[in-house]
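What follows is a set of notes on a single structure, which appears directly below.
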Amino acid sequence: MPSNPTIPPMRASLALSAVCLAALLVPEQVRAEPERYRISGLPPGEPLSIRAEPDPAAEQIGEIRSRALVFGCTNDTPSRTTWCRVKAGRVLGWARRRYLAPD
């Protein structure tokens, strides 16, 4: 059976389309340079939950004990509340903006 030379360009085109679509699904403000933030507005010693998705019902995947890197925030969430993309230690997820303050 002869090979079809159009298959590789089609696959490349599909892959490029998937990447472009994924980029559109990530809110622009979440792709910012990271900034250091600290916990604010919680009782002393209480950690801030890091969630897998920007939703209070999402799985808790970690905690912020004092400070974290924030990559940007969005209120384009199911609850319409503002969540920030955060990294604390090795955990990358989402935390409520309400409890974060610039360091």
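Labels for the structure tokens follow display order: chains A, B, ..., residues from 1 in each chain, ligands from 1.
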Would you pick out the contacts of stretch 44-49 of chain A at 7 Å or less, using only C-alpha atoms, so that residues sharing its chain but fewer than 2 positions from it are not included, and give the list as number ranges by chain? A: 42, 51, 60, 62-65, 95
For the selection you just gave me, I'd like the residues written to a file as a PDB file, in the first residue's frame, keeping N, CA and C atoms.
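As a result, result.pdb now contains:
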```
ATOM      1  N   LEU A  42      -7.116  35.062  57.146  1.00  0.00           N
ATOM      2  CA  LEU A  42      -7.447  33.807  57.819  1.00  0.00           C
ATOM      3  C   LEU A  42      -6.932  33.879  59.256  1.00  0.00           C
ATOM      4  N   ARG A  51      -6.597  24.054  45.509  1.00  0.00           N
ATOM      5  CA  ARG A  51      -7.545  23.151  44.857  1.00  0.00           C
ATOM      6  C   ARG A  51      -7.077  22.802  43.444  1.00  0.00           C
ATOM      7  N   GLN A  60      -8.954  19.132  47.125  1.00  0.00           N
ATOM      8  CA  GLN A  60      -7.855  19.864  47.757  1.00  0.00           C
ATOM      9  C   GLN A  60      -6.583  19.073  47.498  1.00  0.00           C
ATOM     10  N   GLY A  62      -3.365  20.570  48.156  1.00  0.00           N
ATOM     11  CA  GLY A  62      -2.272  21.087  48.966  1.00  0.00           C
ATOM     12  C   GLY A  62      -2.729  22.246  49.818  1.00  0.00           C
ATOM     13  N   GLU A  63      -1.750  22.891  50.478  1.00  0.00           N
ATOM     14  CA  GLU A  63      -2.030  24.025  51.351  1.00  0.00           C
ATOM     15  C   GLU A  63      -0.947  25.071  51.211  1.00  0.00           C
ATOM     16  N   ILE A  64      -1.337  26.312  51.451  1.00  0.00           N
ATOM     17  CA  ILE A  64      -0.373  27.402  51.567  1.00  0.00           C
ATOM     18  C   ILE A  64      -0.298  27.712  53.057  1.00  0.00           C
ATOM     19  N   ARG A  65       0.885  27.589  53.623  1.00  0.00           N
ATOM     20  CA  ARG A  65       1.057  27.839  55.054  1.00  0.00           C
ATOM     21  C   ARG A  65       1.429  29.297  55.326  1.00  0.00           C
ATOM     22  N   ALA A  95      -6.163  28.882  44.369  1.00  0.00           N
ATOM     23  CA  ALA A  95      -6.530  29.343  45.709  1.00  0.00           C
ATOM     24  C   ALA A  95      -7.379  30.607  45.576  1.00  0.00           C
TER      25      ALA A  95
END
```
Point-to-point distance in Å for atom CA of A:Ser79 and atom CA of A:Leu92: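 So the answer is 20.3 Å.
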Taking 4 positions as the minimum chain separation for residues in the same chain, which residues sit within 8 Å of A:Ala68 when counting only C-alpha atoms? Answer as a PyMOL selection string. chain A and resi 36-38+64+86-89
Next, write the just-selected residues to a file, as a PDB file, in the first residue's frame, keeping N, CA and C atoms as the atom set.
```pdb
ATOM      1  N   ARG A  36       5.136  36.978  44.452  1.00  0.00           N
ATOM      2  CA  ARG A  36       5.021  36.397  45.793  1.00  0.00           C
ATOM      3  C   ARG A  36       3.830  37.017  46.519  1.00  0.00           C
ATOM      4  N   TYR A  37       2.994  36.149  47.089  1.00  0.00           N
ATOM      5  CA  TYR A  37       1.846  36.559  47.896  1.00  0.00           C
ATOM      6  C   TYR A  37       1.912  35.842  49.239  1.00  0.00           C
ATOM      7  N   ARG A  38       1.242  36.414  50.237  1.00  0.00           N
ATOM      8  CA  ARG A  38       1.155  35.812  51.561  1.00  0.00           C
ATOM      9  C   ARG A  38      -0.312  35.601  51.899  1.00  0.00           C
ATOM     10  N   ILE A  64      -1.337  26.312  51.451  1.00  0.00           N
ATOM     11  CA  ILE A  64      -0.373  27.402  51.567  1.00  0.00           C
ATOM     12  C   ILE A  64      -0.298  27.712  53.057  1.00  0.00           C
ATOM     13  N   VAL A  86      -1.720  29.256  41.742  1.00  0.00           N
ATOM     14  CA  VAL A  86      -0.660  29.372  42.742  1.00  0.00           C
ATOM     15  C   VAL A  86       0.270  28.171  42.711  1.00  0.00           C
ATOM     16  N   LYS A  87       1.475  28.414  43.221  1.00  0.00           N
ATOM     17  CA  LYS A  87       2.443  27.333  43.413  1.00  0.00           C
ATOM     18  C   LYS A  87       3.031  27.498  44.799  1.00  0.00           C
ATOM     19  N   ALA A  88       2.882  26.463  45.614  1.00  0.00           N
ATOM     20  CA  ALA A  88       3.463  26.431  46.953  1.00  0.00           C
ATOM     21  C   ALA A  88       4.231  25.125  47.072  1.00  0.00           C
ATOM     22  N   GLY A  89       5.545  25.231  47.217  1.00  0.00           N
ATOM     23  CA  GLY A  89       6.367  24.015  47.188  1.00  0.00           C
ATOM     24  C   GLY A  89       6.270  23.382  45.816  1.00  0.00           C
TER      25      GLY A  89
END
```
Interatomic distance (Å, one decimal) between atom CA of A:Val70 and atom CA of A:Ile50: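 Rounded to one decimal, the two atoms are 11.7 Å apart.
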Find the residues near stretch 80-85 of chain A: any atom within 9 Å, counting only C-alpha atoms, skip ones fewer than 3 places away on the same chain, and give them as a VMD selection string. chain A and resid 30 to 31 54 to 55 69 to 77 92 to 98 100
Could you pull out the residues in stretch 27-101 of chain A that DSSP calls strand (DSSP E or B) from the backbone, as a VMD selection string? chain A and resid 35 to 39 48 to 51 60 to 64 67 to 74 83 to 88 91 to 96 100 to 101
What separation in Å, quoted to one decimal, exists between atom CA of A:Glu33 and atom CA of A:Ala52?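 We find that atom CA of A:Glu33 and atom CA of A:Ala52 lie 20.2 Å from each other.
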